[in-house]
There are 2 protein chains.
Amino acid sequence: MSTIRQTLTADDWAEAALDALAEDGVRAVAVEPLARRLGVTKGSFYWHFASRRMLLQAALALWERRETDEVLARAAEETDPRKRLARLFREADGSRRAGRLYLALANATDSPLITEVVRRVMAHRLAFLRECYAAMGADAETAAARAAMAYSMFLGMLQLRRDAPEAIPEGERFHEYMHLVGEALIPGYERALVRR
Amino acid sequence: MSTIRQTLTADDWAEAALDALAEDGVRAVAVEPLARRLGVTKGSFYWHFASRRMLLQAALALWERRETDEVLARAAEETDPRKRLARLFREADGSRRAGRLYLALANATDSPLITEVVRRVMAHRLAFLRECYAAMGADAETAAARAAMAYSMFLGMLQLRRDAPEAIPEGERFHEYMHLVGEALIPGYERALVRR
DNA sequence: ATTACTCCATACGCTAGCGTATGGCAACCG
DNA sequence: CGGTTGCCATACGCTAGCGTATGGAGTAAT
């Protein structure tokens, strides 16, 4: 049987906050709606947290740790920088929830609490991308530029998938699409990665 | 002297709504805050509009018309599809306000009113991009794929410029950056557009 | 069995924003 | 000069959400 607990924990609330965040944005991370969602009242919430702000902080901490770990895990699995990038982009299509979470957080331009964390995660990812391009022999400036391009494409894909999923090819054609993306963003992509 | 009017018009309210939208997102499009901003009370607002919803509708109509006109204007000025695309991307760096407006609207995933308009504008732009690529000799599928890529890059640049402007090269280096973008997204870019 | 501690429910006050009702003032109109 | 109309202020009720205060049921310990 699954973990049915009679009593909630702070992490349960944080997790529910992330769920609400991914589905309906920051405005949905509200005490009373979350309480209804969890089948309790806010009396429960204010036992576990001092304020809504603290809940956000906890949820953000969870999110940042996971995003960071995820990148490190991806980095460890693949040594060839070109394959790293290719894999990274394929996985961008992965978790719908992760994408929506990122978009929801990145677009909370109020709330300095959130923008700070987003900023760190973004810097982390950009650095990772820069290292990939540097490992392919690019000088620092070119690596930074290509990293910005690649990350832009990544962000745009998230948004396009959310707002106009029909614009991105499905299933069979998706691989051809990612092939085009690889050619555009990874110098020497065809020469290095396509088996012939 | 500039147009100092003693009495506001519905368009003044709609314009103020777009300003608030660009600066602080959809949540800032609120009757009473806008009234304070305009130096009046909401008594004025409810004379010009029946509800907040109607204000949003008016502001969206303004926005959509301008975005559409803008694209048409760009399309008329340049016939070579490659140069069209290059110009389009250079201008993506143009109006900060336009970019923030788009992001604010695109991220209002609630409010069907907004998502509908955003959807139309997006479809319009994607069609424009597809035509550019088709005019360069791409078959329908490839044109659609490249259009999606180009639009993704565009969206990503908007977001990156908002959230991490330091990641995008400034001034002198910006042109080299856009050159890289052109190479990545416009087949035959170097051959066709670079003077030597 | 009494005590203490954990987790939650209930009830309350407070704020911001939406929408309504009504009054007022100035300009124009007859 | 009196009336009408256009534009706005003021005052009110209503809702959703934040935070607080307090009570209460269950459990564990002594």
# chains A, B, ... in the order shown; residues from 1 in each chain; ligands from 1
$ residues_around --residues "range 7-23 of chain D" --least-positions-apart "2" --cutoff "12 Å" --atoms "only C-alpha atoms (C1' of nucleotides)" --output "compact mmCIF listing (two decimals) with C-alpha atoms (C1' of nucleotides), in the first residue's frame"
# COMPACT_ATOMS: atom_id res chain seq x y z
CA ARG A 27 -0.98 32.58 -7.53
CA ALA A 28 -2.17 29.05 -6.80
CA VAL A 29 0.35 28.69 -4.00
CA ALA A 30 -2.12 30.00 -1.48
CA VAL A 31 -2.71 28.69 1.99
CA GLU A 32 -6.42 28.11 1.98
CA PRO A 33 -6.72 26.62 -1.52
CA LEU A 34 -3.86 24.24 -0.76
CA LYS A 42 -5.28 26.20 7.34
CA GLY A 43 -5.09 25.40 11.01
CA PHE A 45 -0.74 24.82 7.66
CA TYR A 46 0.09 27.35 10.33
CA TRP A 47 1.28 24.63 12.57
CA PHE A 49 4.79 26.97 8.64
CA ALA A 50 4.96 30.44 10.04
CA SER A 51 3.68 32.07 6.87
CA ARG A 52 2.99 31.64 3.18
CA ARG A 53 6.41 33.05 2.55
CA GLN B 6 -8.63 67.05 -18.36
CA THR B 7 -10.82 64.03 -18.94
CA LEU B 8 -9.79 60.47 -19.62
CA THR B 9 -10.94 58.24 -22.46
CA ALA B 10 -11.42 54.49 -22.67
CA ALA B 35 -7.07 54.46 -11.07
CA GLY B 39 -4.79 60.08 -10.55
CA VAL B 40 -8.51 59.33 -10.46
CA THR B 41 -10.80 56.91 -8.68
CA LYS B 42 -12.58 53.87 -9.97
CA GLY B 43 -15.68 55.95 -10.35
CA SER B 44 -14.05 57.06 -13.57
CA PHE B 45 -13.25 53.54 -14.69
CA TYR B 46 -16.76 52.20 -14.35
CA TRP B 47 -18.04 55.00 -16.44
CA HIS B 48 -15.82 53.95 -19.37
C1' DC C 8 -5.79 20.12 13.23
C1' DA C 9 -10.61 22.73 13.36
C1' DT C 10 -13.10 26.85 14.20
C1' DA C 11 -13.80 31.51 14.67
C1' DC C 12 -12.19 36.07 14.28
C1' DG C 13 -10.13 40.47 12.46
C1' DC C 14 -7.80 42.60 8.57
C1' DT C 15 -6.69 43.92 3.73
C1' DA C 16 -7.18 44.47 -1.35
C1' DG C 17 -9.83 44.38 -5.00
C1' DC C 18 -14.54 44.03 -7.71
C1' DG C 19 -18.77 45.96 -8.63
C1' DT C 20 -22.90 49.23 -7.43
C1' DA C 21 -25.35 53.27 -6.04
C1' DT C 22 -25.61 57.78 -5.74
C1' DG C 23 -24.25 62.47 -5.54
C1' DG C 24 -21.76 66.45 -7.56
C1' DC C 25 -19.67 69.64 -10.61
C1' DA C 26 -18.58 71.70 -14.92
C1' DA C 27 -19.61 72.39 -19.70
C1' DT D 5 -25.14 65.39 -20.24
C1' DA D 25 -9.23 15.17 19.87
$ interface_residues --of "chain B" --to "chain A" --cutoff "6 Å" --atoms "only C-alpha atoms" --output "PyMOL selection string"
chain B and resi 152-153+155-157+184
$ write_last_selection --atoms "C-alpha atoms" --output "short mmCIF file (atom, residue, chain, number, x, y, z; two decimals), in the first residue's frame"
data_model
loop_
_atom_site.label_atom_id
_atom_site.label_comp_id
_atom_site.auth_asym_id
_atom_site.auth_seq_id
_atom_site.Cartn_x
_atom_site.Cartn_y
_atom_site.Cartn_z
CA SER B 152 11.64 29.19 -29.96
CA MET B 153 14.88 31.09 -30.19
CA LEU B 155 10.89 33.46 -27.23
CA GLY B 156 13.97 32.28 -25.39
CA MET B 157 15.81 35.48 -26.16
CA ALA B 184 22.23 28.67 -36.77
#
$ select_by_dssp --residues "chain B" --states "helix (DSSP H, G or I)" --output "PyMOL selection string"
chain B and resi 10-24+26-28+31-38+42-48+52-77+81-92+96-106+112-135+140-163+165-167+172-185+189-193
